[in-house]
Amino acid sequence: MAATDKQPRRTRLIGGPGILLVWLYGVMVVGAVSRSAVQIATEFDKAPLAYSLSAVAGLVYGFITYSLVRGGETARKAALVCCAAELAGVLIVGTWTLAEPSAFPDATVWSDYGMGYLFIPVLLPVTALFWLRRSRAATQ
């Protein structure tokens, strides 16, 4: 028996609708990271909190994308935790931007629950959480 036969095979997380999740998260990575990089480089003093939160959102999207592509149970669990944290961030920042607009002189990716991104930031983690839980149930 070869050494590779002893290692458990990673469960794919990007089959079927999971491919769409990876694609959407990839688009969000590009959008959030490029937007925040330009804003941080050119006008950070205008809205440091908003631009920093957009950068954090981009990093979270990147990690989730990586976890989905990597596959396996450990990656699935990490993606679940990150998606839950992402959803909490969207809900907290979205509510904060509505309750205290003066705290955000410029929008973040998660402002107004992601309205500037067609509400994808609030819909994506909900969909991903459902998919990741379903993918776990399918492998058992």
# chains A, B, ... in the order shown; residues from 1 in each chain; ligands from 1
call {"tool": "residues_around", "arguments": {"residues": "Ser111 in chain A", "least_positions_apart": "5", "cutoff": "12 Å", "atoms": "only C-alpha atoms", "output": "PDB file with N, CA and C atoms, in the first residue's frame"}}
result
ATOM      1  N   LEU A  49     -11.734  54.002   9.229  1.00  0.00           N
ATOM      2  CA  LEU A  49     -12.503  52.845   9.694  1.00  0.00           C
ATOM      3  C   LEU A  49     -13.185  52.137   8.528  1.00  0.00           C
ATOM      4  N   ALA A  50     -13.825  52.886   7.681  1.00  0.00           N
ATOM      5  CA  ALA A  50     -14.530  52.295   6.534  1.00  0.00           C
ATOM      6  C   ALA A  50     -13.566  51.562   5.609  1.00  0.00           C
ATOM      7  N   TYR A  51     -12.431  52.172   5.315  1.00  0.00           N
ATOM      8  CA  TYR A  51     -11.485  51.557   4.383  1.00  0.00           C
ATOM      9  C   TYR A  51     -10.806  50.339   5.003  1.00  0.00           C
ATOM     10  N   LEU A  53     -12.204  48.374   7.273  1.00  0.00           N
ATOM     11  CA  LEU A  53     -13.211  47.309   7.287  1.00  0.00           C
ATOM     12  C   LEU A  53     -13.376  46.670   5.904  1.00  0.00           C
ATOM     13  N   SER A  54     -13.272  47.464   4.864  1.00  0.00           N
ATOM     14  CA  SER A  54     -13.339  46.903   3.510  1.00  0.00           C
ATOM     15  C   SER A  54     -12.149  45.982   3.241  1.00  0.00           C
ATOM     16  N   ALA A  57     -12.800  42.780   5.082  1.00  0.00           N
ATOM     17  CA  ALA A  57     -13.793  42.008   4.324  1.00  0.00           C
ATOM     18  C   ALA A  57     -13.126  41.271   3.168  1.00  0.00           C
ATOM     19  N   GLY A  89     -20.285  40.300  10.855  1.00  0.00           N
ATOM     20  CA  GLY A  89     -19.708  41.586  10.452  1.00  0.00           C
ATOM     21  C   GLY A  89     -20.642  42.389   9.575  1.00  0.00           C
ATOM     22  N   VAL A  90     -21.252  41.723   8.607  1.00  0.00           N
ATOM     23  CA  VAL A  90     -22.196  42.414   7.710  1.00  0.00           C
ATOM     24  C   VAL A  90     -23.373  42.968   8.507  1.00  0.00           C
ATOM     25  N   LEU A  91     -23.903  42.166   9.412  1.00  0.00           N
ATOM     26  CA  LEU A  91     -25.060  42.617  10.200  1.00  0.00           C
ATOM     27  C   LEU A  91     -24.690  43.740  11.159  1.00  0.00           C
ATOM     28  N   ILE A  92     -23.527  43.632  11.793  1.00  0.00           N
ATOM     29  CA  ILE A  92     -23.096  44.670  12.737  1.00  0.00           C
ATOM     30  C   ILE A  92     -22.780  45.967  11.997  1.00  0.00           C
ATOM     31  N   VAL A  93     -21.948  45.880  10.964  1.00  0.00           N
ATOM     32  CA  VAL A  93     -21.566  47.085  10.220  1.00  0.00           C
ATOM     33  C   VAL A  93     -22.773  47.665   9.484  1.00  0.00           C
ATOM     34  N   GLY A  94     -23.606  46.806   8.909  1.00  0.00           N
ATOM     35  CA  GLY A  94     -24.803  47.287   8.221  1.00  0.00           C
ATOM     36  C   GLY A  94     -25.726  48.057   9.147  1.00  0.00           C
ATOM     37  N   THR A  95     -25.937  47.529  10.329  1.00  0.00           N
ATOM     38  CA  THR A  95     -26.786  48.210  11.318  1.00  0.00           C
ATOM     39  C   THR A  95     -26.117  49.492  11.800  1.00  0.00           C
ATOM     40  N   TRP A  96     -24.805  49.419  12.049  1.00  0.00           N
ATOM     41  CA  TRP A  96     -24.057  50.579  12.512  1.00  0.00           C
ATOM     42  C   TRP A  96     -24.122  51.714  11.497  1.00  0.00           C
ATOM     43  N   THR A  97     -23.994  51.398  10.204  1.00  0.00           N
ATOM     44  CA  THR A  97     -24.030  52.455   9.187  1.00  0.00           C
ATOM     45  C   THR A  97     -25.410  53.088   9.075  1.00  0.00           C
ATOM     46  N   LEU A  98     -26.437  52.340   9.383  1.00  0.00           N
ATOM     47  CA  LEU A  98     -27.786  52.911   9.365  1.00  0.00           C
ATOM     48  C   LEU A  98     -28.077  53.707  10.631  1.00  0.00           C
ATOM     49  N   ALA A  99     -27.596  53.216  11.782  1.00  0.00           N
ATOM     50  CA  ALA A  99     -27.870  53.880  13.056  1.00  0.00           C
ATOM     51  C   ALA A  99     -27.000  55.114  13.279  1.00  0.00           C
ATOM     52  N   GLU A 100     -25.764  55.071  12.817  1.00  0.00           N
ATOM     53  CA  GLU A 100     -24.819  56.162  13.044  1.00  0.00           C
ATOM     54  C   GLU A 100     -24.048  56.475  11.753  1.00  0.00           C
ATOM     55  N   PRO A 101     -24.725  57.053  10.763  1.00  0.00           N
ATOM     56  CA  PRO A 101     -24.076  57.315   9.471  1.00  0.00           C
ATOM     57  C   PRO A 101     -22.827  58.197   9.571  1.00  0.00           C
ATOM     58  N   ALA A 103     -20.435  57.971  11.539  1.00  0.00           N
ATOM     59  CA  ALA A 103     -19.252  57.173  11.854  1.00  0.00           C
ATOM     60  C   ALA A 103     -18.553  56.678  10.593  1.00  0.00           C
ATOM     61  N   PHE A 104     -19.270  56.723   9.474  1.00  0.00           N
ATOM     62  CA  PHE A 104     -18.738  56.232   8.206  1.00  0.00           C
ATOM     63  C   PHE A 104     -18.895  57.316   7.134  1.00  0.00           C
ATOM     64  N   PRO A 105     -17.904  58.218   7.034  1.00  0.00           N
ATOM     65  CA  PRO A 105     -17.994  59.265   6.020  1.00  0.00           C
ATOM     66  C   PRO A 105     -17.982  58.705   4.596  1.00  0.00           C
ATOM     67  N   ASP A 106     -17.529  57.486   4.429  1.00  0.00           N
ATOM     68  CA  ASP A 106     -17.555  56.824   3.130  1.00  0.00           C
ATOM     69  C   ASP A 106     -17.997  55.382   3.378  1.00  0.00           C
ATOM     70  N   GLY A 116     -24.314  48.563  -1.785  1.00  0.00           N
ATOM     71  CA  GLY A 116     -23.471  48.971  -2.899  1.00  0.00           C
ATOM     72  C   GLY A 116     -22.978  47.798  -3.741  1.00  0.00           C
ATOM     73  N   TYR A 117     -23.106  46.609  -3.203  1.00  0.00           N
ATOM     74  CA  TYR A 117     -22.712  45.388  -3.910  1.00  0.00           C
ATOM     75  C   TYR A 117     -23.938  44.492  -4.149  1.00  0.00           C
ATOM     76  N   LEU A 118     -25.090  45.127  -4.345  1.00  0.00           N
ATOM     77  CA  LEU A 118     -26.347  44.423  -4.643  1.00  0.00           C
ATOM     78  C   LEU A 118     -26.761  43.436  -3.554  1.00  0.00           C
ATOM     79  N   PHE A 119     -26.427  43.738  -2.307  1.00  0.00           N
ATOM     80  CA  PHE A 119     -26.739  42.920  -1.137  1.00  0.00           C
ATOM     81  C   PHE A 119     -26.067  41.547  -1.159  1.00  0.00           C
ATOM     82  N   ILE A 120     -25.118  41.362  -2.049  1.00  0.00           N
ATOM     83  CA  ILE A 120     -24.383  40.097  -2.087  1.00  0.00           C
ATOM     84  C   ILE A 120     -23.652  39.847  -0.762  1.00  0.00           C
ATOM     85  N   PRO A 121     -23.067  40.871  -0.100  1.00  0.00           N
ATOM     86  CA  PRO A 121     -22.377  40.611   1.159  1.00  0.00           C
ATOM     87  C   PRO A 121     -23.254  40.019   2.264  1.00  0.00           C
ATOM     88  N   VAL A 122     -24.542  40.246   2.238  1.00  0.00           N
ATOM     89  CA  VAL A 122     -25.406  39.643   3.259  1.00  0.00           C
ATOM     90  C   VAL A 122     -25.984  38.311   2.781  1.00  0.00           C
TER      91      VAL A 122
END
call {"tool": "closest_atom_pairs", "arguments": {"of": "range 54-94 of chain A", "to": "range 16-31 of chain A", "cutoff": "12 Å", "atoms": "only C-alpha atoms", "output": "tab-separated table"}}
result
residue	atom	partner	partner_atom	distance
A:Ser54	CA	A:Gly31	CA	9.5
A:Ala55	CA	A:Val29	CA	9.4
A:Val56	CA	A:Val29	CA	10.3
A:Ala57	CA	A:Val29	CA	8.1
A:Gly58	CA	A:Val29	CA	4.9
A:Leu59	CA	A:Val29	CA	7.3
A:Val60	CA	A:Val29	CA	8.3
A:Tyr61	CA	A:Val29	CA	5.4
A:Gly62	CA	A:Val29	CA	5.6
A:Phe63	CA	A:Val29	CA	9.2
A:Ile64	CA	A:Tyr25	CA	7.4
A:Thr65	CA	A:Val22	CA	5.6
A:Tyr66	CA	A:Val22	CA	8.6
A:Ser67	CA	A:Val22	CA	9.5
A:Leu68	CA	A:Val22	CA	6.7
A:Val69	CA	A:Val22	CA	7.2
A:Arg70	CA	A:Val22	CA	10.9
A:Gly71	CA	A:Gly18	CA	10.8
A:Arg76	CA	A:Gly18	CA	11.8
A:Ala79	CA	A:Val22	CA	11.6
A:Cys83	CA	A:Tyr25	CA	10.9
A:Glu86	CA	A:Tyr25	CA	11.8
call {"tool": "write_last_selection", "arguments": {"atoms": "C-alpha atoms", "output": "tab-separated table (two decimals), in the first residue's frame"}}
result
chain	number	residue	atom	x	y	z
A	54	SER	CA	-13.34	46.90	3.51
A	55	ALA	CA	-9.79	45.50	3.59
A	56	VAL	CA	-10.76	43.07	6.36
A	57	ALA	CA	-13.79	42.01	4.32
A	58	GLY	CA	-11.52	41.32	1.35
A	59	LEU	CA	-9.22	39.16	3.50
A	60	VAL	CA	-12.18	37.21	4.88
A	61	TYR	CA	-13.51	36.65	1.36
A	62	GLY	CA	-10.07	35.47	0.27
A	63	PHE	CA	-9.78	32.97	3.10
A	64	ILE	CA	-13.25	31.58	2.45
A	65	THR	CA	-12.46	31.24	-1.26
A	66	TYR	CA	-9.23	29.41	-0.44
A	67	SER	CA	-11.01	27.10	2.02
A	68	LEU	CA	-13.72	26.21	-0.48
A	69	VAL	CA	-11.16	25.41	-3.18
A	70	ARG	CA	-8.90	23.47	-0.80
A	71	GLY	CA	-11.67	21.18	0.39
A	76	ARG	CA	-15.01	23.16	5.64
A	79	ALA	CA	-14.98	28.23	6.09
A	83	CYS	CA	-18.80	32.66	7.00
A	86	GLU	CA	-18.60	37.43	7.89
call {"tool": "closest_residue", "arguments": {"among": "A:Val126, A:Cys82, A:Val33, A:Ala88", "to": "Ser52 in chain A", "atoms": "only C-alpha atoms"}}
result
A:Val33
call {"tool": "closest_residue", "arguments": {"among": "A:Arg35, A:Gly15, A:Gly72, A:Thr108", "to": "Ala47 in chain A", "atoms": "only C-alpha atoms"}}
result
A:Thr108
call {"tool": "closest_residue", "arguments": {"among": "A:Val109, A:Leu87, A:Lys77, A:Gly114", "to": "Ser135 in chain A", "atoms": "only C-alpha atoms"}}
result
A:Lys77
call {"tool": "closest_residue", "arguments": {"among": "A:Asp112, A:Ala32, A:Ser102, A:Leu80", "to": "Pro125 in chain A", "atoms": "only C-alpha atoms"}}
result
A:Leu80
call {"tool": "atom_distance", "arguments": {"atom1": "CA of Gln39 in chain A", "atom2": "CA of Ala85 in chain A"}}
result
23.7 Å
call {"tool": "select_by_dssp", "arguments": {"residues": "range 9-140 of chain A", "states": "helix (DSSP H, G or I)", "output": "PyMOL selection string"}}
result
chain A and resi 17-46+48-70+73-99+101-103+111-117+120-139
call {"tool": "atom_distance", "arguments": {"atom1": "CA of Ala84 in chain A", "atom2": "CA of Leu129 in chain A"}}
result
7.3 Å
call {"tool": "atom_distance", "arguments": {"atom1": "CA of Arg134 in chain A", "atom2": "CA of Met115 in chain A"}}
result
27.4 Å
call {"tool": "decode", "arguments": {"residues": "range 54-78 of chain A", "atoms": "N, CA, C and O atoms", "output": "short mmCIF file (atom, residue, chain, number, x, y, z; two decimals), in the first residue's frame"}}
result
data_model
loop_
_atom_site.label_atom_id
_atom_site.label_comp_id
_atom_site.auth_asym_id
_atom_site.auth_seq_id
_atom_site.Cartn_x
_atom_site.Cartn_y
_atom_site.Cartn_z
N SER A 54 -13.27 47.46 4.86
CA SER A 54 -13.34 46.90 3.51
C SER A 54 -12.15 45.98 3.24
O SER A 54 -12.29 44.94 2.61
N ALA A 55 -10.98 46.36 3.74
CA ALA A 55 -9.79 45.50 3.59
C ALA A 55 -9.97 44.20 4.35
O ALA A 55 -9.63 43.12 3.84
N VAL A 56 -10.50 44.28 5.56
CA VAL A 56 -10.76 43.07 6.36
C VAL A 56 -11.77 42.18 5.64
O VAL A 56 -11.60 40.96 5.57
N ALA A 57 -12.80 42.78 5.08
CA ALA A 57 -13.79 42.01 4.32
C ALA A 57 -13.13 41.27 3.17
O ALA A 57 -13.39 40.09 2.93
N GLY A 58 -12.23 41.95 2.46
CA GLY A 58 -11.52 41.32 1.35
C GLY A 58 -10.68 40.14 1.81
O GLY A 58 -10.64 39.10 1.14
N LEU A 59 -10.02 40.27 2.95
CA LEU A 59 -9.22 39.16 3.50
C LEU A 59 -10.11 37.99 3.89
O LEU A 59 -9.76 36.83 3.65
N VAL A 60 -11.24 38.28 4.50
CA VAL A 60 -12.18 37.21 4.88
C VAL A 60 -12.69 36.50 3.62
O VAL A 60 -12.72 35.26 3.57
N TYR A 61 -13.05 37.26 2.61
CA TYR A 61 -13.51 36.65 1.36
C TYR A 61 -12.42 35.77 0.75
O TYR A 61 -12.69 34.69 0.23
N GLY A 62 -11.19 36.24 0.81
CA GLY A 62 -10.07 35.47 0.27
C GLY A 62 -9.87 34.16 1.00
O GLY A 62 -9.65 33.11 0.39
N PHE A 63 -9.96 34.20 2.33
CA PHE A 63 -9.78 32.97 3.10
C PHE A 63 -10.91 31.98 2.84
O PHE A 63 -10.67 30.78 2.72
N ILE A 64 -12.11 32.48 2.74
CA ILE A 64 -13.25 31.58 2.45
C ILE A 64 -13.09 30.96 1.07
O ILE A 64 -13.31 29.76 0.89
N THR A 65 -12.69 31.77 0.09
CA THR A 65 -12.46 31.24 -1.26
C THR A 65 -11.41 30.14 -1.23
O THR A 65 -11.60 29.06 -1.80
N TYR A 66 -10.30 30.40 -0.56
CA TYR A 66 -9.23 29.41 -0.44
C TYR A 66 -9.74 28.13 0.22
O TYR A 66 -9.46 27.02 -0.24
N SER A 67 -10.49 28.27 1.30
CA SER A 67 -11.01 27.10 2.02
C SER A 67 -11.94 26.27 1.16
O SER A 67 -11.88 25.03 1.18
N LEU A 68 -12.80 26.93 0.39
CA LEU A 68 -13.72 26.21 -0.48
C LEU A 68 -12.96 25.44 -1.56
O LEU A 68 -13.29 24.29 -1.86
N VAL A 69 -11.94 26.06 -2.13
CA VAL A 69 -11.16 25.41 -3.18
C VAL A 69 -10.33 24.27 -2.60
O VAL A 69 -10.22 23.20 -3.19
N ARG A 70 -9.77 24.47 -1.42
CA ARG A 70 -8.90 23.47 -0.80
C ARG A 70 -9.68 22.19 -0.49
O ARG A 70 -9.21 21.10 -0.72
N GLY A 71 -10.85 22.34 0.06
CA GLY A 71 -11.67 21.18 0.39
C GLY A 71 -11.19 20.47 1.64
O GLY A 71 -10.21 20.85 2.26
N GLY A 72 -11.90 19.44 2.01
CA GLY A 72 -11.58 18.68 3.22
C GLY A 72 -12.38 19.17 4.42
O GLY A 72 -12.96 20.26 4.41
N GLU A 73 -12.41 18.35 5.43
CA GLU A 73 -13.21 18.67 6.62
C GLU A 73 -12.67 19.86 7.39
O GLU A 73 -13.43 20.70 7.86
N THR A 74 -11.35 19.95 7.52
CA THR A 74 -10.76 21.09 8.24
C THR A 74 -11.07 22.40 7.52
O THR A 74 -11.44 23.39 8.16
N ALA A 75 -10.93 22.40 6.21
CA ALA A 75 -11.23 23.61 5.43
C ALA A 75 -12.71 23.95 5.52
O ALA A 75 -13.08 25.13 5.58
N ARG A 76 -13.57 22.92 5.53
CA ARG A 76 -15.01 23.16 5.64
C ARG A 76 -15.34 23.83 6.96
O ARG A 76 -16.10 24.79 7.03
N LYS A 77 -14.74 23.33 8.05
CA LYS A 77 -14.98 23.92 9.37
C LYS A 77 -14.46 25.36 9.44
O LYS A 77 -15.12 26.24 9.99
N ALA A 78 -13.27 25.59 8.87
CA ALA A 78 -12.71 26.95 8.86
C ALA A 78 -13.60 27.89 8.05
O ALA A 78 -13.85 29.02 8.46
#
